[in-house]
Structure formats: C-alpha cells, structure tokens
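Text of entry-v5.cif, listed as mmCIF, C-alpha atoms:
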data_target
#
loop_
_atom_site.label_atom_id
_atom_site.label_comp_id
_atom_site.auth_asym_id
_atom_site.auth_seq_id
_atom_site.Cartn_x
_atom_site.Cartn_y
_atom_site.Cartn_z
CA MET A 114 -13.68 -20.08 -24.70
CA GLY A 115 -15.01 -16.53 -24.74
CA THR A 116 -14.14 -13.57 -22.63
CA LYS A 117 -16.64 -11.76 -20.46
CA LYS A 118 -16.95 -8.02 -20.63
CA MET A 119 -16.52 -6.45 -17.21
CA THR A 120 -19.13 -3.92 -16.13
CA ARG A 121 -18.11 -0.52 -14.84
CA GLU A 122 -19.34 -1.33 -11.34
CA VAL A 123 -17.35 -4.55 -11.15
CA ALA A 124 -14.24 -2.81 -12.43
CA LEU A 125 -14.59 0.01 -9.88
CA ARG A 126 -15.18 -2.48 -7.07
CA ARG A 127 -12.05 -4.43 -8.01
CA PHE A 128 -10.03 -1.22 -8.31
CA GLN A 129 -11.17 0.02 -4.89
CA ALA A 130 -10.38 -3.36 -3.34
CA SER A 131 -6.86 -3.27 -4.77
CA LEU A 132 -6.34 0.27 -3.44
CA GLU A 133 -7.42 -0.78 0.05
CA LYS A 134 -5.13 -3.80 -0.09
CA LYS A 135 -2.21 -1.59 -1.16
CA LYS A 136 -2.90 0.95 1.61
CA ALA A 137 -2.88 -1.82 4.23
CA PHE A 138 0.36 -3.28 2.87
CA VAL A 139 2.06 0.13 2.70
CA ALA A 140 1.04 0.94 6.28
CA GLU A 141 2.50 -2.35 7.50
CA LEU A 142 5.67 -1.84 5.44
CA GLU A 143 6.11 1.73 6.70
CA LYS A 144 5.78 0.64 10.32
CA SER A 145 8.32 -2.15 9.96
CA MET A 146 10.78 0.06 8.05
CA ARG A 147 10.51 2.88 10.59
CA ASP A 148 11.04 0.43 13.45
CA GLU A 149 14.06 -1.08 11.71
CA TYR A 150 15.53 2.40 11.02
CA ARG A 151 15.01 3.40 14.67
CA LYS A 152 16.75 0.21 15.82
CA GLU A 153 19.71 0.71 13.46
CA THR A 154 20.28 4.46 13.92
CA GLY A 155 18.49 5.45 17.10
CA LYS A 156 16.74 8.25 15.17
CA GLU A 157 13.25 8.68 13.81
CA ALA A 158 12.77 8.54 10.03
CA LYS A 159 11.65 11.87 8.60
CA TYR A 160 10.35 10.64 5.25
CA PHE A 161 8.76 7.56 3.78
CA SER A 162 7.94 7.33 0.10
CA VAL A 163 6.07 4.69 -1.90
CA LEU A 164 5.18 4.63 -5.58
#

Once you've parsed the file, please lay out its structure as structure tokens.
Amino acid sequence: MGTKKMTREVALRRFQASLEKKKAFVAELEKSMRDEYRKETGKEAKYFSVL
C-alpha cells in the first residue's frame, strides 16, 4: 500500500475548504454564544475571541 503525493493545488484547495468550514462554524458559534450571553445578562457581548 503506497502513499500518494499531494499536489500543491490539491493541498491549497483542501486548506481553503477547511478555512471556509471553520469560518462558517465560528460564525454560528459566535451567534449562539452572543444570544446566550444576552439572555443570561441582558447585555450585549463586547468581545468574542476564537483561536
């Protein structure tokens, strides 16, 4: 069983796809966390940080 070498284009395409997926997930997470914070405290969240 051999391994295939990934081309630069394929690697970049996979990397870009993972970035887009992360951006979508972070946006959804931020919205739900801000809504939850607003429900709990009655105030708007000033900051949101993701690594």

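Between atom CA of A:Glu122 and atom CA of A:Lys134 lies a distance of 18.3 Å.
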
Between atom CA of A:Lys152 and atom CA of A:Glu133, what is the spacing in Å?
28.9 Å

Within 10 Å of stretch 143-145 of chain A, counting all atoms listed in the file, which residues show up once you throw out same-chain ones fewer than 5 positions away? Write them as an mmCIF file with C-alpha atoms, in the coordinates of the input, please.
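Result went into out_25.cif, see below:
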data_model
loop_
_atom_site.group_PDB
_atom_site.id
_atom_site.type_symbol
_atom_site.label_atom_id
_atom_site.label_comp_id
_atom_site.auth_asym_id
_atom_site.auth_seq_id
_atom_site.Cartn_x
_atom_site.Cartn_y
_atom_site.Cartn_z
ATOM 1 C CA ALA A 137 -2.880 -1.820 4.230
ATOM 2 C CA PHE A 138 0.360 -3.280 2.870
ATOM 3 C CA TYR A 150 15.530 2.400 11.020
ATOM 4 C CA ARG A 151 15.010 3.400 14.670
ATOM 5 C CA TYR A 160 10.350 10.640 5.250
ATOM 6 C CA PHE A 161 8.760 7.560 3.780
ATOM 7 C CA SER A 162 7.940 7.330 0.100
ATOM 8 C CA VAL A 163 6.070 4.690 -1.900
#

Could you tell me how far atom CA of A:Lys136 lies from atom CA of A:Ala158, in Å and to one decimal?
19.3 Å

Mind working out the centre and edge lengths of an axis-aligned box for stretch 139-147 of chain A, all listed atoms inside, 4 Å added to each side, rounded to one decimal in Å and written as JSON?
{"center_x": 5.9, "center_y": 0.3, "center_z": 6.6, "size_x": 17.7, "size_y": 13.2, "size_z": 15.9}
